[in-house]
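**Q** Contents of entry02.pdb (PDB, C-alpha atoms, pLDDT in the B column) are given next:
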ATOM      1  CA  MET A   1     -36.214  51.217 -43.144  1.00 54.00           C
ATOM      2  CA  ASN A   2     -39.032  49.512 -41.277  1.00 86.00           C
ATOM      3  CA  LYS A   3     -40.303  46.029 -42.045  1.00 87.00           C
ATOM      4  CA  ALA A   4     -43.434  47.223 -43.903  1.00 88.00           C
ATOM      5  CA  LYS A   5     -41.429  49.449 -46.259  1.00 88.00           C
ATOM      6  CA  GLU A   6     -38.962  46.618 -46.894  1.00 88.00           C
ATOM      7  CA  LEU A   7     -41.792  44.243 -47.808  1.00 86.00           C
ATOM      8  CA  LEU A   8     -43.449  46.814 -50.071  1.00 88.00           C
ATOM      9  CA  THR A   9     -40.154  47.479 -51.850  1.00 87.00           C
ATOM     10  CA  GLU A  10     -39.695  43.731 -52.267  1.00 86.00           C
ATOM     11  CA  LEU A  11     -43.222  43.457 -53.647  1.00 86.00           C
ATOM     12  CA  GLN A  12     -42.525  46.241 -56.109  1.00 84.00           C
ATOM     13  CA  ASN A  13     -39.417  44.457 -57.414  1.00 85.00           C
ATOM     14  CA  LEU A  14     -40.852  40.941 -57.715  1.00 85.00           C
ATOM     15  CA  ASP A  15     -42.352  41.528 -61.167  1.00 84.00           C
ATOM     16  CA  MET A  16     -38.911  42.136 -62.680  1.00 85.00           C
ATOM     17  CA  ASP A  17     -37.639  38.982 -61.012  1.00 85.00           C
ATOM     18  CA  ILE A  18     -40.577  36.941 -62.309  1.00 86.00           C
ATOM     19  CA  GLN A  19     -40.221  38.366 -65.826  1.00 86.00           C
ATOM     20  CA  SER A  20     -36.496  37.598 -65.956  1.00 87.00           C
ATOM     21  CA  ARG A  21     -37.212  33.990 -64.980  1.00 84.00           C
ATOM     22  CA  ILE A  22     -39.933  33.707 -67.632  1.00 86.00           C
ATOM     23  CA  ASP A  23     -37.497  35.096 -70.222  1.00 87.00           C
ATOM     24  CA  GLU A  24     -34.913  32.539 -69.140  1.00 85.00           C
ATOM     25  CA  ILE A  25     -37.447  29.710 -69.527  1.00 82.00           C
ATOM     26  CA  ASN A  26     -38.421  30.988 -72.992  1.00 84.00           C
ATOM     27  CA  GLU A  27     -34.785  31.005 -74.075  1.00 84.00           C
ATOM     28  CA  LEU A  28     -34.282  27.462 -72.816  1.00 78.00           C
ATOM     29  CA  GLU A  29     -37.419  26.303 -74.617  1.00 77.00           C
ATOM     30  CA  ALA A  30     -36.237  27.977 -77.812  1.00 79.00           C
ATOM     31  CA  GLY A  31     -32.946  26.110 -77.448  1.00 72.00           C
ATOM     32  CA  LEU A  32     -34.753  22.845 -76.913  1.00 67.00           C
ATOM     33  CA  LEU A  33     -36.931  23.362 -79.970  1.00 68.00           C
ATOM     34  CA  SER A  34     -34.174  24.468 -82.325  1.00 67.00           C
ATOM     35  CA  SER A  35     -32.600  21.937 -84.611  1.00 49.00           C
ATOM     36  CA  PRO A  36     -29.937  19.858 -82.913  1.00 56.00           C
ATOM     37  CA  LYS A  37     -26.475  21.093 -83.707  1.00 54.00           C
ATOM     38  CA  TRP A  38     -24.852  19.160 -80.905  1.00 48.00           C
ATOM     39  CA  THR A  39     -22.528  16.332 -81.715  1.00 52.00           C
ATOM     40  CA  ALA A  40     -21.026  13.656 -79.633  1.00 51.00           C
ATOM     41  CA  ASP A  41     -17.556  14.909 -80.474  1.00 52.00           C
ATOM     42  CA  LYS A  42     -14.942  14.444 -77.870  1.00 52.00           C
ATOM     43  CA  VAL A  43     -13.064  17.521 -76.746  1.00 54.00           C
ATOM     44  CA  LYS A  44      -9.362  16.866 -76.418  1.00 60.00           C
ATOM     45  CA  GLY A  45      -8.945  15.149 -73.090  1.00 58.00           C
ATOM     46  CA  GLY A  46     -12.658  15.359 -72.294  1.00 57.00           C
ATOM     47  CA  GLN A  47     -15.627  13.035 -72.433  1.00 56.00           C
ATOM     48  CA  ALA A  48     -18.078  12.841 -75.277  1.00 54.00           C
ATOM     49  CA  ARG A  49     -21.445  14.441 -74.505  1.00 55.00           C
ATOM     50  CA  LYS A  50     -24.436  12.868 -76.058  1.00 63.00           C
ATOM     51  CA  VAL A  51     -27.296  14.934 -77.422  1.00 60.00           C
ATOM     52  CA  ASP A  52     -29.674  13.268 -74.954  1.00 68.00           C
ATOM     53  CA  ASP A  53     -27.498  14.358 -72.025  1.00 71.00           C
ATOM     54  CA  VAL A  54     -27.590  17.976 -73.155  1.00 71.00           C
ATOM     55  CA  TYR A  55     -31.368  17.925 -73.609  1.00 74.00           C
ATOM     56  CA  THR A  56     -31.799  16.296 -70.224  1.00 80.00           C
ATOM     57  CA  GLN A  57     -29.697  19.025 -68.624  1.00 78.00           C
ATOM     58  CA  LEU A  58     -31.721  21.748 -70.352  1.00 77.00           C
ATOM     59  CA  ILE A  59     -34.998  20.193 -69.208  1.00 81.00           C
ATOM     60  CA  VAL A  60     -33.730  19.909 -65.628  1.00 84.00           C
ATOM     61  CA  MET A  61     -32.647  23.568 -65.742  1.00 83.00           C
ATOM     62  CA  LYS A  62     -36.043  24.607 -67.090  1.00 82.00           C
ATOM     63  CA  GLU A  63     -37.859  22.714 -64.336  1.00 87.00           C
ATOM     64  CA  ALA A  64     -35.640  24.277 -61.655  1.00 86.00           C
ATOM     65  CA  ILE A  65     -36.286  27.778 -63.007  1.00 86.00           C
ATOM     66  CA  GLU A  66     -40.037  27.077 -63.147  1.00 87.00           C
ATOM     67  CA  GLN A  67     -39.950  25.934 -59.511  1.00 89.00           C
ATOM     68  CA  ASP A  68     -38.052  29.094 -58.497  1.00 87.00           C
ATOM     69  CA  THR A  69     -40.531  31.208 -60.450  1.00 87.00           C
ATOM     70  CA  ASN A  70     -43.447  29.583 -58.625  1.00 89.00           C
ATOM     71  CA  GLU A  71     -41.794  30.404 -55.296  1.00 89.00           C
ATOM     72  CA  VAL A  72     -41.404  34.062 -56.299  1.00 87.00           C
ATOM     73  CA  ILE A  73     -45.041  34.222 -57.469  1.00 89.00           C
ATOM     74  CA  ASN A  74     -46.177  32.683 -54.192  1.00 90.00           C
ATOM     75  CA  ARG A  75     -44.150  35.326 -52.321  1.00 88.00           C
ATOM     76  CA  LYS A  76     -45.938  38.038 -54.297  1.00 88.00           C
ATOM     77  CA  LEU A  77     -49.310  36.497 -53.408  1.00 90.00           C
ATOM     78  CA  GLU A  78     -48.277  36.310 -49.757  1.00 89.00           C
ATOM     79  CA  LEU A  79     -47.313  39.982 -49.692  1.00 88.00           C
ATOM     80  CA  GLY A  80     -50.559  40.910 -51.461  1.00 90.00           C
ATOM     81  CA  ARG A  81     -52.489  39.042 -48.765  1.00 92.00           C
ATOM     82  CA  LEU A  82     -50.780  41.134 -46.105  1.00 92.00           C
ATOM     83  CA  ILE A  83     -52.138  44.247 -47.812  1.00 93.00           C
ATOM     84  CA  ASN A  84     -55.605  42.632 -47.748  1.00 93.00           C
ATOM     85  CA  LYS A  85     -55.432  42.688 -43.938  1.00 94.00           C
ATOM     86  CA  LEU A  86     -55.607  46.479 -43.830  1.00 94.00           C
ATOM     87  CA  ARG A  87     -58.983  47.618 -42.497  1.00 95.00           C
ATOM     88  CA  ASN A  88     -59.342  50.755 -44.604  1.00 95.00           C
ATOM     89  CA  PRO A  89     -60.224  49.936 -48.235  1.00 94.00           C
ATOM     90  CA  LYS A  90     -58.652  53.187 -49.484  1.00 95.00           C
ATOM     91  CA  HIS A  91     -55.382  52.256 -47.790  1.00 95.00           C
ATOM     92  CA  ARG A  92     -55.482  48.826 -49.402  1.00 95.00           C
ATOM     93  CA  THR A  93     -56.181  50.429 -52.763  1.00 95.00           C
ATOM     94  CA  ILE A  94     -53.321  52.901 -52.460  1.00 96.00           C
ATOM     95  CA  LEU A  95     -50.810  50.192 -51.555  1.00 95.00           C
ATOM     96  CA  ARG A  96     -52.043  47.881 -54.316  1.00 93.00           C
ATOM     97  CA  LEU A  97     -51.988  50.581 -56.994  1.00 94.00           C
ATOM     98  CA  THR A  98     -48.582  51.838 -55.849  1.00 94.00           C
ATOM     99  CA  TYR A  99     -46.681  48.633 -55.125  1.00 90.00           C
ATOM    100  CA  ILE A 100     -48.441  45.917 -57.117  1.00 89.00           C
ATOM    101  CA  ASN A 101     -49.838  47.734 -60.152  1.00 89.00           C
ATOM    102  CA  LYS A 102     -47.044  50.350 -60.113  1.00 90.00           C
ATOM    103  CA  ILE A 103     -49.295  53.195 -61.195  1.00 93.00           C
ATOM    104  CA  TYR A 104     -47.932  56.754 -61.066  1.00 95.00           C
ATOM    105  CA  VAL A 105     -49.023  58.937 -58.150  1.00 95.00           C
ATOM    106  CA  ASP A 106     -50.838  61.402 -60.421  1.00 96.00           C
ATOM    107  CA  ASP A 107     -52.832  58.591 -62.012  1.00 96.00           C
ATOM    108  CA  ILE A 108     -53.733  57.141 -58.618  1.00 95.00           C
ATOM    109  CA  CYS A 109     -54.899  60.558 -57.455  1.00 96.00           C
ATOM    110  CA  ASP A 110     -57.048  60.935 -60.574  1.00 96.00           C
ATOM    111  CA  LYS A 111     -58.450  57.436 -60.226  1.00 95.00           C
ATOM    112  CA  MET A 112     -59.313  57.896 -56.550  1.00 94.00           C
ATOM    113  CA  ALA A 113     -60.297  61.574 -56.932  1.00 95.00           C
ATOM    114  CA  ILE A 114     -57.908  62.707 -54.195  1.00 96.00           C
ATOM    115  CA  SER A 115     -55.141  65.289 -53.934  1.00 96.00           C
ATOM    116  CA  LYS A 116     -51.463  64.382 -53.849  1.00 96.00           C
ATOM    117  CA  SER A 117     -51.228  65.385 -50.199  1.00 96.00           C
ATOM    118  CA  SER A 118     -54.170  63.086 -49.405  1.00 96.00           C
ATOM    119  CA  TYR A 119     -52.428  60.309 -51.303  1.00 97.00           C
ATOM    120  CA  TYR A 120     -49.196  60.708 -49.351  1.00 97.00           C
ATOM    121  CA  ASN A 121     -51.049  60.947 -46.027  1.00 97.00           C
ATOM    122  CA  MET A 122     -53.099  57.818 -46.776  1.00 96.00           C
ATOM    123  CA  ARG A 123     -50.037  55.923 -47.985  1.00 96.00           C
ATOM    124  CA  LYS A 124     -48.196  56.853 -44.793  1.00 95.00           C
ATOM    125  CA  LEU A 125     -51.137  55.678 -42.659  1.00 95.00           C
ATOM    126  CA  ALA A 126     -51.416  52.483 -44.697  1.00 95.00           C
ATOM    127  CA  ILE A 127     -47.725  51.699 -44.193  1.00 94.00           C
ATOM    128  CA  GLU A 128     -48.067  52.371 -40.456  1.00 94.00           C
ATOM    129  CA  GLU A 129     -51.062  50.023 -40.282  1.00 93.00           C
ATOM    130  CA  LEU A 130     -49.152  47.390 -42.248  1.00 93.00           C
ATOM    131  CA  SER A 131     -46.272  47.746 -39.767  1.00 92.00           C
ATOM    132  CA  LEU A 132     -48.676  47.048 -36.895  1.00 92.00           C
ATOM    133  CA  ILE A 133     -50.027  43.994 -38.681  1.00 91.00           C
ATOM    134  CA  LEU A 134     -46.491  42.698 -39.216  1.00 89.00           C
ATOM    135  CA  GLU A 135     -45.646  43.268 -35.531  1.00 89.00           C
ATOM    136  CA  HIS A 136     -48.646  41.165 -34.497  1.00 88.00           C
ATOM    137  CA  LEU A 137     -47.605  38.380 -36.858  1.00 83.00           C
ATOM    138  CA  GLU A 138     -44.117  38.125 -35.334  1.00 76.00           C
TER     139      GLU A 138
END
Using structure tokens, write down the structure from this file.
**A**
Amino acid sequence: MNKAKELLTELQNLDMDIQSRIDEINELEAGLLSSPKWTADKVKGGQARKVDDVYTQLIVMKEAIEQDTNEVINRKLELGRLINKLRNPKHRTILRLTYINKIYVDDICDKMAISKSSYYNMRKLAIEELSLILEHLE
């Protein structure tokens, strides 16, 4: 698979990655907001964990996940900016609708008033142009 197709596939999958991180943050926040059921009981042979230590760990985890999420969002923006470099606005539109908005081919064809064969031809040309742009960046 060429570099352009790899980047477009990555772009298509970033939303799931972002959503899973947001879900993880929401679960941590729900845990932080729930009533404390933690005790400072000592497990046999272990150290006592204070409630504050647990909350501190949860907050640190939440901040780390938020930082990772920001990096993934920035990657999505970066890939979207690469699409913006295409000269043909229809090519940009096809790649955005396909890989960012994840709209079905039939709906894209209706929206752009083009046939499926025109869609596939334009998408192919757009990917080729994106490959050239990526070659120049390297």
**Q** Enter the distance from atom CA of A:Asn84 to atom CA of A:Gln67, in Å, rounded to one decimal.
**A**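 Going from atom CA of A:Asn84 over to atom CA of A:Gln67 covers 25.7 Å.
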**Q** Could you tell me which of A:Met61, A:Asp17, A:Leu82, A:Met122 comes closest to A:Leu137 if we count only C-alpha atoms?
**A**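 Smallest distance to A:Leu137 is found for A:Leu82.
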**Q** Could you state which residues are captured by the PyMOL selection byres ((chain A and resi 69) around 12) in this file, as a PyMOL selection string?
**A** chain A and resi 14-25+62-68+70-76
**Q** Taking (-42.8, 46.4, -40.8) in the file's coordinates as the center, which residues reach within 9 Å of it, counting only C-alpha atoms, put as a list of chain:residue names?
**A**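 In the file's frame, the residues around the point are A:Met1, A:Asn2, A:Lys3, A:Ala4, A:Lys5, A:Glu6, A:Leu7, A:Ile127, A:Glu128, A:Leu130, A:Ser131, A:Leu132, A:Ile133, A:Leu134, A:Glu135.
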**Q** Please compute the atom CA of A:Ile114-atom CA of A:Glu78 distance, one decimal, in Å.
**A**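 According to the coordinates, atom CA of A:Ile114 and atom CA of A:Glu78 are separated by 28.4 Å.
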**Q** Could you pull the residues within 8 Å of A:Cys109, counting all atoms listed in the file, minus those fewer than 6 positions along the same chain, as a PDB file with C-alpha atoms, in the coordinates of the input?
**A**
ATOM      1  CA  SER A 115     -55.141  65.289 -53.934  1.00 96.00           C
ATOM      2  CA  LYS A 116     -51.463  64.382 -53.849  1.00 96.00           C
ATOM      3  CA  TYR A 119     -52.428  60.309 -51.303  1.00 97.00           C
TER       4      TYR A 119
END
**Q** Would you please work out which residue, of A:Asn26, A:Asn13, A:Gln57, A:Thr98, is nearest to A:Ala126 when using all atoms listed in the file?
**A**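 For A:Ala126, the nearest of the given residues is A:Thr98.
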**Q** I'd like the interatomic distance between atom CA of A:Arg96 and atom CA of A:Lys124, to a tenth of an Å.
**A**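 Answer for the atom CA of A:Arg96 to atom CA of A:Lys124 separation: 13.6 Å.
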**Q** For this file, the PyMOL selection byres ((chain A and resi 97) around 12) selects which residues, as a JSON list (two decimals) with C-alpha atoms, keeping the file's coordinate frame?
**A**
[["chain", "number", "residue", "atom", "x", "y", "z"],
["A", 8, "LEU", "CA", -43.45, 46.81, -50.07],
["A", 11, "LEU", "CA", -43.22, 43.46, -53.65],
["A", 12, "GLN", "CA", -42.52, 46.24, -56.11],
["A", 80, "GLY", "CA", -50.56, 40.91, -51.46],
["A", 83, "ILE", "CA", -52.14, 44.25, -47.81],
["A", 90, "LYS", "CA", -58.65, 53.19, -49.48],
["A", 91, "HIS", "CA", -55.38, 52.26, -47.79],
["A", 92, "ARG", "CA", -55.48, 48.83, -49.40],
["A", 93, "THR", "CA", -56.18, 50.43, -52.76],
["A", 94, "ILE", "CA", -53.32, 52.90, -52.46],
["A", 95, "LEU", "CA", -50.81, 50.19, -51.56],
["A", 96, "ARG", "CA", -52.04, 47.88, -54.32],
["A", 98, "THR", "CA", -48.58, 51.84, -55.85],
["A", 99, "TYR", "CA", -46.68, 48.63, -55.12],
["A", 100, "ILE", "CA", -48.44, 45.92, -57.12],
["A", 101, "ASN", "CA", -49.84, 47.73, -60.15],
["A", 102, "LYS", "CA", -47.04, 50.35, -60.11],
["A", 103, "ILE", "CA", -49.30, 53.20, -61.20],
["A", 104, "TYR", "CA", -47.93, 56.75, -61.07],
["A", 105, "VAL", "CA", -49.02, 58.94, -58.15],
["A", 106, "ASP", "CA", -50.84, 61.40, -60.42],
["A", 107, "ASP", "CA", -52.83, 58.59, -62.01],
["A", 108, "ILE", "CA", -53.73, 57.14, -58.62],
["A", 109, "CYS", "CA", -54.90, 60.56, -57.46],
["A", 111, "LYS", "CA", -58.45, 57.44, -60.23],
["A", 112, "MET", "CA", -59.31, 57.90, -56.55],
["A", 119, "TYR", "CA", -52.43, 60.31, -51.30],
["A", 123, "ARG", "CA", -50.04, 55.92, -47.98]]
